[in-house]
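Student: My structure file start04.tsv, TSV, C-alpha atoms and all ligand atoms, is below:
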chain	number	residue	atom	x	y	z
A	65	MET	CA	93.06	104.25	144.50
A	66	THR	CA	93.73	101.07	146.45
A	67	GLU	CA	95.31	101.05	149.93
A	68	SER	CA	98.74	100.70	148.36
A	69	GLY	CA	98.15	103.83	146.29
A	70	ILE	CA	97.98	101.86	143.02
A	71	LYS	CA	95.19	103.12	140.79
A	72	LYS	CA	92.77	100.29	140.27
A	73	VAL	CA	89.52	100.21	138.35
A	74	GLY	CA	87.94	96.78	138.04
A	75	ASN	CA	89.97	93.60	138.30
A	76	ASP	CA	91.63	93.30	134.93
A	77	LEU	CA	94.92	94.84	134.00
A	78	VAL	CA	95.73	96.30	130.58
A	79	PHE	CA	99.37	96.81	129.54
A	80	SER	CA	100.90	98.17	126.38
A	81	GLY	CA	103.86	100.20	125.18
A	82	VAL	CA	105.52	102.17	122.40
A	83	GLN	CA	109.24	102.58	121.70
A	84	PRO	CA	110.64	106.12	122.05
A	85	THR	CA	112.22	106.26	118.61
A	86	GLY	CA	110.74	109.53	117.30
A	87	ASN	CA	108.32	109.87	114.39
A	88	LEU	CA	105.23	108.44	116.07
A	89	HIS	CA	102.85	107.86	113.20
A	90	LEU	CA	99.28	107.10	112.25
A	91	GLY	CA	99.92	103.33	112.51
A	92	ASN	CA	100.94	103.69	116.17
A	93	TYR	CA	97.84	105.77	116.81
A	94	LEU	CA	95.22	103.70	114.96
A	95	GLY	CA	96.77	100.30	115.61
A	96	ALA	CA	97.49	100.88	119.29
A	97	ILE	CA	97.14	104.14	121.25
A	98	LYS	CA	93.61	105.07	120.05
A	99	ASN	CA	92.34	101.68	121.22
A	100	TRP	CA	93.80	102.14	124.71
A	101	VAL	CA	91.67	105.13	125.60
A	102	ASP	CA	88.36	103.34	126.23
A	103	PHE	CA	89.92	100.77	128.57
A	104	GLN	CA	90.68	103.48	131.11
A	105	ASN	CA	87.15	103.65	132.42
A	106	SER	CA	86.76	99.99	133.20
A	107	LYS	CA	90.22	98.57	133.84
A	108	LYS	CA	93.52	99.31	135.50
A	109	CYS	CA	95.79	100.48	132.67
A	110	ILE	CA	99.57	100.69	132.49
A	111	PHE	CA	101.14	102.35	129.45
A	112	CYS	CA	104.88	102.07	129.18
A	113	ILE	CA	107.48	103.91	127.12
A	114	VAL	CA	109.75	101.04	126.22
A	115	ASP	CA	113.22	102.58	125.99
A	116	LEU	CA	115.04	99.30	126.77
A	117	HIS	CA	113.51	97.96	123.57
A	118	ALA	CA	114.52	101.07	121.63
A	119	ILE	CA	118.25	100.57	122.33
A	120	THR	CA	118.21	97.19	120.57
A	121	ALA	CA	118.78	99.18	117.35
A	122	SER	CA	121.87	101.41	117.21
A	123	GLU	CA	120.07	104.16	115.28
A	124	ASN	CA	117.67	104.64	118.22
A	125	ARG	CA	120.31	105.19	120.86
A	126	SER	CA	120.22	108.97	120.88
A	127	LYS	CA	117.71	111.49	122.21
A	128	LEU	CA	116.05	108.77	124.28
A	129	ASP	CA	115.00	111.24	126.97
A	130	ASP	CA	113.42	113.69	124.51
A	131	PHE	CA	111.72	110.90	122.59
A	132	SER	CA	110.42	109.38	125.84
A	133	ARG	CA	108.80	112.69	126.75
A	134	GLU	CA	107.41	112.87	123.21
A	135	VAL	CA	105.74	109.47	123.58
A	136	ALA	CA	104.34	110.50	126.98
A	137	ALA	CA	102.97	113.67	125.35
A	138	ALA	CA	101.47	111.63	122.50
A	139	TYR	CA	99.76	109.28	124.97
A	140	ILE	CA	98.21	112.19	126.86
A	141	ALA	CA	97.33	114.13	123.70
A	142	SER	CA	95.56	111.01	122.36
A	143	GLY	CA	93.35	110.78	125.43
A	144	ILE	CA	95.31	108.74	128.00
A	145	GLU	CA	94.60	110.42	131.32
A	146	PRO	CA	97.44	110.31	133.86
A	147	LYS	CA	94.86	110.38	136.66
A	148	LYS	CA	93.34	107.14	135.40
A	149	SER	CA	96.31	105.34	133.84
A	150	THR	CA	99.91	104.75	134.84
A	151	ILE	CA	102.39	106.19	132.33
A	152	PHE	CA	106.09	105.50	132.90
A	153	VAL	CA	109.45	104.81	131.27
A	154	GLN	CA	110.57	101.17	131.21
A	155	SER	CA	114.22	101.74	132.21
A	156	ASN	CA	113.03	103.39	135.45
A	157	ILE	CA	111.81	100.02	136.70
A	158	THR	CA	114.52	97.40	137.18
A	159	GLY	CA	111.97	94.58	137.36
A	160	HIS	CA	111.66	94.49	133.54
A	161	SER	CA	115.26	93.42	132.91
A	162	GLU	CA	115.33	91.21	136.01
A	163	LEU	CA	112.24	89.27	134.95
A	164	ALA	CA	113.48	89.13	131.33
A	165	TRP	CA	116.51	87.15	132.57
A	166	ILE	CA	114.32	84.74	134.51
A	167	LEU	CA	111.91	84.26	131.60
A	168	GLY	CA	114.84	83.80	129.22
A	169	CYS	CA	115.66	80.66	131.22
A	170	HIS	CA	112.18	79.35	130.33
A	171	THR	CA	112.39	80.18	126.61
A	172	PRO	CA	113.83	77.57	124.26
A	173	ILE	CA	116.03	79.10	121.55
A	174	GLY	CA	113.86	77.34	118.95
A	175	TRP	CA	110.94	79.58	119.91
A	176	LEU	CA	113.04	82.71	119.35
A	177	ASN	CA	114.33	81.39	116.03
A	178	ARG	CA	110.80	81.54	114.69
A	179	MET	CA	110.34	85.27	115.34
A	180	THR	CA	109.85	86.98	111.99
A	181	GLN	CA	110.58	90.46	113.35
A	182	PHE	CA	114.10	89.40	114.32
A	183	LYS	CA	114.64	87.92	110.86
A	184	ASP	CA	113.39	91.14	109.20
A	185	LYS	CA	115.39	93.47	111.42
A	186	ALA	CA	118.61	91.46	111.54
A	187	GLY	CA	118.60	91.11	107.76
A	188	LYS	CA	121.23	88.99	106.05
A	189	ASN	CA	123.99	89.45	108.59
A	190	LYS	CA	122.49	87.74	111.63
A	191	GLU	CA	125.93	87.18	113.18
A	192	LYS	CA	126.33	90.92	113.66
A	193	ALA	CA	122.87	91.47	115.17
A	194	PRO	CA	122.95	92.34	118.87
A	195	LEU	CA	121.84	89.72	121.39
A	196	GLY	CA	119.27	92.27	122.66
A	197	LEU	CA	117.50	92.28	119.29
A	198	TYR	CA	117.30	88.48	119.40
A	199	SER	CA	115.99	88.33	122.97
A	200	TYR	CA	113.69	91.36	122.45
A	201	PRO	CA	110.49	89.23	122.63
A	202	VAL	CA	111.55	87.85	126.03
A	203	LEU	CA	111.87	91.38	127.38
A	204	MET	CA	108.45	92.11	125.91
A	205	ALA	CA	107.01	89.09	127.73
A	206	ALA	CA	108.65	90.38	130.93
A	207	ASP	CA	107.02	93.82	130.45
A	208	ILE	CA	103.60	92.22	130.25
A	209	LEU	CA	103.99	89.52	132.89
A	210	LEU	CA	105.75	91.73	135.46
A	211	TYR	CA	102.40	93.41	136.11
A	212	LYS	CA	100.42	90.16	135.68
A	213	SER	CA	98.62	91.85	132.77
A	214	ASN	CA	95.49	90.28	131.31
A	215	PHE	CA	94.99	92.34	128.15
A	216	VAL	CA	97.53	93.71	125.69
A	217	PRO	CA	96.14	96.04	123.00
A	218	VAL	CA	98.61	96.18	120.09
A	219	GLY	CA	98.82	96.37	116.31
A	220	ASP	CA	98.83	93.25	114.18
A	221	ASP	CA	102.65	93.20	113.86
A	222	GLN	CA	102.98	92.27	117.55
A	223	LYS	CA	100.80	89.15	117.31
A	224	GLN	CA	103.67	86.68	117.15
A	225	HIS	CA	105.39	88.29	120.13
A	226	LEU	CA	102.17	88.03	122.12
A	227	GLU	CA	101.83	84.35	121.25
A	228	LEU	CA	105.37	83.81	122.48
A	229	CYS	CA	104.56	85.70	125.70
A	230	ARG	CA	101.65	83.32	126.31
A	231	ASP	CA	103.92	80.32	125.70
A	232	ILE	CA	106.56	81.68	128.09
A	233	ALA	CA	103.95	82.33	130.82
A	234	GLN	CA	102.68	78.76	130.45
A	235	SER	CA	106.20	77.37	130.44
A	236	PHE	CA	107.01	79.16	133.74
A	237	ASN	CA	103.68	78.19	135.34
A	238	ARG	CA	104.13	74.57	134.32
A	239	PHE	CA	107.70	74.34	135.57
A	240	TYR	CA	106.87	75.75	139.01
A	241	ASN	CA	103.44	74.15	139.14
A	242	THR	CA	101.79	77.51	139.72
A	243	ASP	CA	99.15	79.69	138.12
A	244	PHE	CA	101.02	82.87	139.07
A	245	PHE	CA	101.13	84.40	135.59
A	246	PRO	CA	97.83	85.04	133.83
A	247	ILE	CA	97.92	84.07	130.15
A	248	PRO	CA	97.56	87.51	128.55
A	249	GLU	CA	95.16	88.10	125.70
A	250	PRO	CA	96.27	90.16	122.71
A	251	ILE	CA	93.66	92.77	121.77
A	252	ILE	CA	94.08	93.52	118.07
A	253	THR	CA	90.99	95.51	117.11
A	254	GLY	CA	89.64	98.13	114.76
A	255	SER	CA	89.81	98.47	111.02
A	256	ALA	CA	93.43	99.62	110.98
A	257	THR	CA	95.34	96.92	112.83
A	258	ARG	CA	98.03	97.12	110.15
A	259	VAL	CA	98.33	100.57	108.59
A	260	MET	CA	100.39	100.39	105.42
A	261	SER	CA	102.82	102.84	103.82
A	262	LEU	CA	101.19	105.60	101.72
A	263	LYS	CA	103.71	104.83	98.98
A	264	ASP	CA	103.55	101.03	98.95
A	265	GLY	CA	100.49	99.16	100.18
A	266	LYS	CA	102.52	96.00	100.74
A	267	LYS	CA	104.83	97.64	103.29
A	268	LYS	CA	103.83	98.49	106.84
A	269	MET	CA	103.75	102.19	107.78
A	270	SER	CA	106.87	102.49	109.88
A	271	LYS	CA	109.07	104.96	111.74
A	272	SER	CA	112.11	103.51	110.04
A	273	ASP	CA	110.94	104.05	106.44
A	274	PRO	CA	113.46	106.54	104.99
A	275	SER	CA	110.65	108.31	103.10
A	276	ASP	CA	108.68	110.69	105.29
A	277	GLN	CA	106.03	110.68	102.53
A	278	SER	CA	105.25	107.05	103.42
A	279	ARG	CA	103.69	107.94	106.77
A	280	ILE	CA	101.59	110.52	108.58
A	281	ASN	CA	103.41	111.56	111.73
A	282	LEU	CA	101.44	112.58	114.78
A	283	THR	CA	103.38	115.86	114.71
A	284	ASP	CA	102.63	116.68	111.04
A	285	SER	CA	101.06	120.04	110.22
A	286	GLU	CA	97.74	120.33	108.34
A	287	ASP	CA	99.66	121.21	105.23
A	288	GLN	CA	101.93	118.16	105.50
A	289	ILE	CA	98.95	115.85	106.04
A	290	ARG	CA	97.14	117.28	103.02
A	291	LYS	CA	100.17	116.92	100.75
A	292	LYS	CA	100.91	113.36	101.90
A	293	VAL	CA	97.33	112.17	101.41
A	294	GLN	CA	97.04	113.88	98.02
A	295	LYS	CA	100.24	112.15	96.89
A	296	ALA	CA	99.31	108.77	98.41
A	297	LYS	CA	99.45	105.99	95.82
A	298	THR	CA	96.11	104.98	94.21
A	299	ASP	CA	95.29	103.47	90.83
A	300	SER	CA	93.31	104.29	87.70
A	301	MET	CA	90.48	101.81	88.37
A	302	PRO	CA	87.05	103.02	89.60
A	303	PHE	CA	86.39	103.44	93.31
A	304	PRO	CA	85.69	99.95	94.77
A	305	GLU	CA	82.08	99.04	95.49
A	306	SER	CA	82.64	95.94	97.58
A	307	LYS	CA	85.37	93.94	99.36
A	308	ASN	CA	85.86	91.86	96.18
A	309	ASP	CA	86.94	94.99	94.32
A	310	LEU	CA	89.77	95.45	96.83
A	311	GLU	CA	91.63	92.34	95.74
A	312	ASN	CA	95.20	93.18	94.68
A	313	ARG	CA	94.61	96.85	95.46
A	314	PRO	CA	96.48	97.15	98.79
A	315	GLU	CA	96.93	100.94	98.58
A	316	ILE	CA	93.18	101.53	98.12
A	317	GLU	CA	92.30	99.05	100.86
A	318	ASN	CA	94.75	100.83	103.18
A	319	LEU	CA	93.23	104.28	102.54
A	320	ILE	CA	89.72	102.90	103.11
A	321	ASN	CA	90.84	101.21	106.33
A	322	ILE	CA	92.38	104.46	107.55
A	323	TYR	CA	89.17	106.34	106.70
A	324	SER	CA	87.14	103.66	108.46
A	325	ALA	CA	89.25	103.76	111.64
A	326	ILE	CA	89.54	107.50	111.91
A	327	GLY	CA	85.98	108.31	110.83
A	328	GLU	CA	84.45	105.32	112.61
A	329	HIS	CA	82.45	104.17	109.55
A	330	SER	CA	82.45	100.63	108.19
A	331	SER	CA	84.42	100.10	104.99
A	332	GLU	CA	81.18	98.89	103.33
A	333	LYS	CA	79.52	102.24	104.04
A	334	ILE	CA	82.54	104.14	102.73
A	335	MET	CA	82.46	102.13	99.49
A	336	GLN	CA	78.74	102.83	99.10
A	337	ASP	CA	79.23	106.55	99.78
A	338	TYR	CA	82.03	106.99	97.24
A	339	LYS	CA	81.04	104.57	94.50
A	340	GLY	CA	81.12	106.23	91.11
A	341	LYS	CA	83.05	109.18	92.52
A	342	ASP	CA	86.58	110.27	91.85
A	343	PHE	CA	89.43	109.32	94.25
A	344	LYS	CA	89.99	113.08	94.53
A	345	ASN	CA	86.71	113.50	96.48
A	346	PHE	CA	87.56	110.61	98.74
A	347	LYS	CA	91.06	111.91	99.42
A	348	GLU	CA	89.78	115.40	100.19
A	349	ASP	CA	87.34	114.03	102.77
A	350	LEU	CA	90.01	111.73	104.18
A	351	CYS	CA	92.30	114.77	104.57
A	352	ASP	CA	89.60	116.67	106.43
A	353	LEU	CA	89.01	113.74	108.76
A	354	LEU	CA	92.72	113.21	109.43
A	355	ILE	CA	93.34	116.89	109.94
A	356	SER	CA	90.48	117.20	112.40
A	357	LYS	CA	91.88	114.31	114.51
A	358	ILE	CA	95.62	114.42	114.01
A	359	SER	CA	96.08	118.22	114.11
A	360	LYS	CA	94.38	118.34	117.49
A	361	ILE	CA	96.75	115.68	118.77
A	362	SER	CA	99.71	117.37	117.14
A	363	MET	CA	98.90	120.74	118.74
A	364	GLU	CA	98.41	119.13	122.13
A	365	ILE	CA	101.74	117.26	121.83
A	366	LYS	CA	103.51	120.56	121.13
A	367	LYS	CA	101.79	122.23	124.07
A	368	LEU	CA	102.69	119.38	126.43
A	369	LEU	CA	106.30	119.31	125.24
A	370	SER	CA	106.66	122.97	126.11
A	371	ASP	CA	105.97	122.06	129.75
A	372	GLN	CA	108.71	119.55	130.49
A	373	SER	CA	108.28	119.78	134.26
A	374	TYR	CA	104.65	118.64	133.92
A	375	LEU	CA	105.67	115.65	131.76
A	376	ASN	CA	108.53	114.81	134.13
A	377	SER	CA	106.15	114.82	137.08
A	378	ILE	CA	103.71	112.48	135.26
A	379	LEU	CA	106.55	110.08	134.47
A	380	SER	CA	107.92	110.24	137.98
A	381	ASP	CA	104.50	109.52	139.54
A	382	GLY	CA	103.96	106.76	136.98
A	383	ALA	CA	107.33	105.17	137.82
A	384	LYS	CA	106.42	105.16	141.53
A	385	GLU	CA	103.12	103.41	140.83
A	386	ALA	CA	104.70	100.90	138.44
A	387	ASN	CA	107.54	100.21	140.85
A	388	GLU	CA	105.18	99.39	143.68
A	389	LEU	CA	103.44	96.72	141.63
A	390	SER	CA	106.67	95.50	140.06
A	391	GLU	CA	108.38	95.04	143.45
A	392	LYS	CA	105.40	93.22	144.90
A	393	ASN	CA	105.23	90.81	141.96
A	394	MET	CA	109.02	90.33	141.74
A	395	ASN	CA	109.10	89.38	145.44
A	396	GLU	CA	106.45	86.75	144.81
A	397	ILE	CA	108.26	85.48	141.71
A	398	LYS	CA	111.49	85.15	143.74
A	399	LYS	CA	109.62	83.16	146.37
A	400	ILE	CA	108.21	80.82	143.71
A	401	ILE	CA	111.72	80.26	142.30
A	402	LYS	CA	113.08	79.89	145.86
A	403	PHE	CA	115.87	82.41	145.38
A	404	TYR	CA	117.77	82.94	148.63
A	405	THR	CA	116.50	86.16	150.22
A	501	LIG	P1	106.30	99.86	118.35
A	501	LIG	O1	106.92	100.96	119.12
A	501	LIG	O2	106.94	99.41	117.09
A	501	LIG	O3	104.80	100.21	118.00
A	501	LIG	C1	103.90	100.63	119.01
A	501	LIG	C2	102.52	100.11	118.72
A	501	LIG	O4	102.09	100.56	117.44
A	501	LIG	C3	101.66	99.46	116.65
A	501	LIG	N1	102.01	99.73	115.25
A	501	LIG	C4	101.14	99.63	114.23
A	501	LIG	N2	99.83	99.32	114.21
A	501	LIG	C5	99.20	99.35	113.01
A	501	LIG	N3	99.86	99.66	111.84
A	501	LIG	C6	101.16	99.97	111.83
A	501	LIG	N4	101.78	100.30	110.69
A	501	LIG	C7	101.87	99.97	113.06
A	501	LIG	N5	103.15	100.23	113.41
A	501	LIG	C8	103.21	100.06	114.76
A	501	LIG	C9	102.43	98.27	117.20
A	501	LIG	O5	101.77	97.06	116.89
A	501	LIG	C10	102.45	98.57	118.68
A	501	LIG	O6	101.25	98.14	119.29
A	501	LIG	N6	107.39	95.60	120.69
A	501	LIG	C11	106.51	96.75	120.71
A	501	LIG	C12	106.59	97.57	121.98
A	501	LIG	C13	106.43	96.78	123.25
A	501	LIG	C14	105.23	96.30	123.80
A	501	LIG	C15	105.59	95.65	125.00
A	501	LIG	C16	103.91	96.36	123.37
A	501	LIG	C17	107.44	96.43	124.09
A	501	LIG	N7	106.93	95.75	125.15
A	501	LIG	C18	104.63	95.04	125.80
A	501	LIG	C19	102.95	95.75	124.18
A	501	LIG	C20	103.30	95.11	125.37
A	501	LIG	C21	106.89	97.63	119.56
A	501	LIG	O7	107.93	97.52	118.98
A	501	LIG	O8	106.03	98.60	119.32
What is this file in structure tokens?
Ligand code: TYM
Tutor:
Amino acid sequence: MTESGIKKVGNDLVFSGVQPTGNLHLGNYLGAIKNWVDFQNSKKCIFCIVDLHAITASENRSKLDDFSREVAAAYIASGIEPKKSTIFVQSNITGHSELAWILGCHTPIGWLNRMTQFKDKAGKNKEKAPLGLYSYPVLMAADILLYKSNFVPVGDDQKQHLELCRDIAQSFNRFYNTDFFPIPEPIITGSATRVMSLKDGKKKMSKSDPSDQSRINLTDSEDQIRKKVQKAKTDSMPFPESKNDLENRPEIENLINIYSAIGEHSSEKIMQDYKGKDFKNFKEDLCDLLISKISKISMEIKKLLSDQSYLNSILSDGAKEANELSEKNMNEIKKIIKFYT
């Protein structure tokens, strides 16, 4: 602990977040949360539950409190330790929306027009899309910059938003001739930075896919995991022996990447181990691996959710810690802008 009570290990700050929209899945775990755990021993870490982002889509505007606790439980069950890391809910800290407004004044509309996630989510009828969905990446930049974060571990789908965050930080620094905001580095690591749907290897595994068979949820039972993996799409060609054999076989590549990330083996080794064997053998072993990791997490999530007062106390302590840092930085930002105080 520092004098101010803020947990601090080392000099660098790691920030990341997940939306409380229910159905946390293997992509969230392998692409993001799993990679956060190791940072805790060397860096100050802040892990946010980004409910202000969740309300940008109307279908996410219910059960926010339950889903927020579920994300907190998933963080802890995956190895995030509340004694080492700060875990809190975004809407508890007013600095996020306040800074988003300020940063929005440093973000040309042309930059936002390039965001592919907005185009995908808004679909054909852009005129009806909420302003919040359009300015979502500015709020995301505010989340990161509010704490002057240096490292942001995320899945591959967040890359463009992180690039925009860097541009916004530079735009602010340039305008006020300051180096106040660090230029945060995206950390996109591991062999499963983009986990794909089990039904269609060209589509990202996602909470919003109407088919539950397309994803492995962190709360799935052993039986559900086994059935989903057994039914996962493959093809009739032999098991690949090298990266070249993976061309145009996105479903196979995805299953190998999942195996690689969860089992911590290289994909080359996996291909050597299974060459000449049936996909059935591979899938059985993949099931065992997933069950051994995910079922543990799933059981722990359930246990944590049965103790709401414990989760509430973690989130309340986390909000206090986050608020302290947020207030300190917001005061400095206001001084830089020369707001009347
Ligand atoms: P969200 O809630 O969609 O996803 C949370 C994290 O999970 C990763 N992820 C995946 N990784 C690999 N394969 C997949 N199929 C997959 N699906 C999701 C995401 O990349 C993400 O890291 N905008 C963010 C939340 C956010 C945020 C932030 C993140 C808001 N502010 C500031 C970092 C820093 C989002 O929608 O994540």
Student: Output as JSON lines one row per residue of chain A within 6 Å of ligand LIG 501 (chain A): the closest atom pair and its distance in Å to one decimal place, counting all atoms listed in the file, sorted by chain and residue number ascending.
Tutor:
{"residue": "A:Phe79", "atom": "CA", "partner": "A:LIG501", "partner_atom": "C20", "distance": 6.0}
{"residue": "A:Ser80", "atom": "CA", "partner": "A:LIG501", "partner_atom": "C19", "distance": 3.9}
{"residue": "A:Gly81", "atom": "CA", "partner": "A:LIG501", "partner_atom": "C16", "distance": 4.2}
{"residue": "A:Val82", "atom": "CA", "partner": "A:LIG501", "partner_atom": "O1", "distance": 3.8}
{"residue": "A:Gln83", "atom": "CA", "partner": "A:LIG501", "partner_atom": "O1", "distance": 3.8}
{"residue": "A:Gly91", "atom": "CA", "partner": "A:LIG501", "partner_atom": "C6", "distance": 3.6}
{"residue": "A:Asn92", "atom": "CA", "partner": "A:LIG501", "partner_atom": "O4", "distance": 3.6}
{"residue": "A:Gly95", "atom": "CA", "partner": "A:LIG501", "partner_atom": "N2", "distance": 3.5}
{"residue": "A:Ala96", "atom": "CA", "partner": "A:LIG501", "partner_atom": "O6", "distance": 4.7}
{"residue": "A:Val114", "atom": "CA", "partner": "A:LIG501", "partner_atom": "C17", "distance": 5.6}
{"residue": "A:Met204", "atom": "CA", "partner": "A:LIG501", "partner_atom": "N7", "distance": 4.0}
{"residue": "A:Asp207", "atom": "CA", "partner": "A:LIG501", "partner_atom": "C18", "distance": 5.4}
{"residue": "A:Ile208", "atom": "CA", "partner": "A:LIG501", "partner_atom": "C18", "distance": 5.4}
{"residue": "A:Val216", "atom": "CA", "partner": "A:LIG501", "partner_atom": "C20", "distance": 5.9}
{"residue": "A:Val218", "atom": "CA", "partner": "A:LIG501", "partner_atom": "O6", "distance": 3.4}
{"residue": "A:Gly219", "atom": "CA", "partner": "A:LIG501", "partner_atom": "O5", "distance": 3.1}
{"residue": "A:Asp220", "atom": "CA", "partner": "A:LIG501", "partner_atom": "O5", "distance": 5.5}
{"residue": "A:Asp221", "atom": "CA", "partner": "A:LIG501", "partner_atom": "O5", "distance": 5.0}
{"residue": "A:Gln222", "atom": "CA", "partner": "A:LIG501", "partner_atom": "O5", "distance": 5.0}
{"residue": "A:Thr257", "atom": "CA", "partner": "A:LIG501", "partner_atom": "C5", "distance": 4.6}
{"residue": "A:Arg258", "atom": "CA", "partner": "A:LIG501", "partner_atom": "N3", "distance": 3.6}
{"residue": "A:Val259", "atom": "CA", "partner": "A:LIG501", "partner_atom": "N3", "distance": 3.7}
{"residue": "A:Met260", "atom": "CA", "partner": "A:LIG501", "partner_atom": "N4", "distance": 5.5}
{"residue": "A:Lys268", "atom": "CA", "partner": "A:LIG501", "partner_atom": "N4", "distance": 4.7}
{"residue": "A:Met269", "atom": "CA", "partner": "A:LIG501", "partner_atom": "N4", "distance": 4.0}
{"residue": "A:Ser270", "atom": "CA", "partner": "A:LIG501", "partner_atom": "N4", "distance": 5.6}
Student: Taking (102.2, 110.8, 99.7) in the file's coordinates, which residues come within 10 Å, counting only C-alpha atoms, written as a list in words?
Tutor: Ser261, Leu262, Lys263, Asp264, Ser275, Asp276, Gln277, Ser278, Arg279, Ile280, Gln288, Ile289, Arg290, Lys291, Lys292, Val293, Gln294, Lys295, Ala296 and Lys297 of chain A
Student: Quick one: residues within 9 Å of stretch 124-129 of chain A, all atoms listed in the file, excluding same-chain residues fewer than 5 positions away - as a PDB file with C-alpha atoms, keeping the file's coordinate frame?
Tutor:
ATOM      1  CA  PRO A  84     110.640 106.120 122.050  1.00  0.00           C
ATOM      2  CA  THR A  85     112.220 106.260 118.610  1.00  0.00           C
ATOM      3  CA  GLY A  86     110.740 109.530 117.300  1.00  0.00           C
ATOM      4  CA  ASP A 115     113.220 102.580 125.990  1.00  0.00           C
ATOM      5  CA  ALA A 118     114.520 101.070 121.630  1.00  0.00           C
ATOM      6  CA  ILE A 119     118.250 100.570 122.330  1.00  0.00           C
ATOM      7  CA  GLU A 134     107.410 112.870 123.210  1.00  0.00           C
TER       8      GLU A 134
END
Student: Between stretch 225-337 of chain A and stretch 142-164 of chain A, at 12 Å or less, what are the per-residue closest atom pairs and their distances in Å? Count all atoms listed in the file, order by chain and rising residue number, and return it as CSV.
Tutor:
residue,atom,partner,partner_atom,distance
A:Cys229,CA,A:Ala164,CA,11.1
A:Ile232,CA,A:Ala164,CA,10.7
A:Ala233,CA,A:Leu163,CA,11.6
A:Phe236,CA,A:Leu163,CA,11.4
A:Leu282,CA,A:Ser142,CA,9.7
A:Thr283,CA,A:Ser142,CA,12.0
Student: In Å, how far is it from atom CA of A:Ser331 to atom CA of A:Leu350?
Tutor: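 These two atoms are separated by 12.9 Å.
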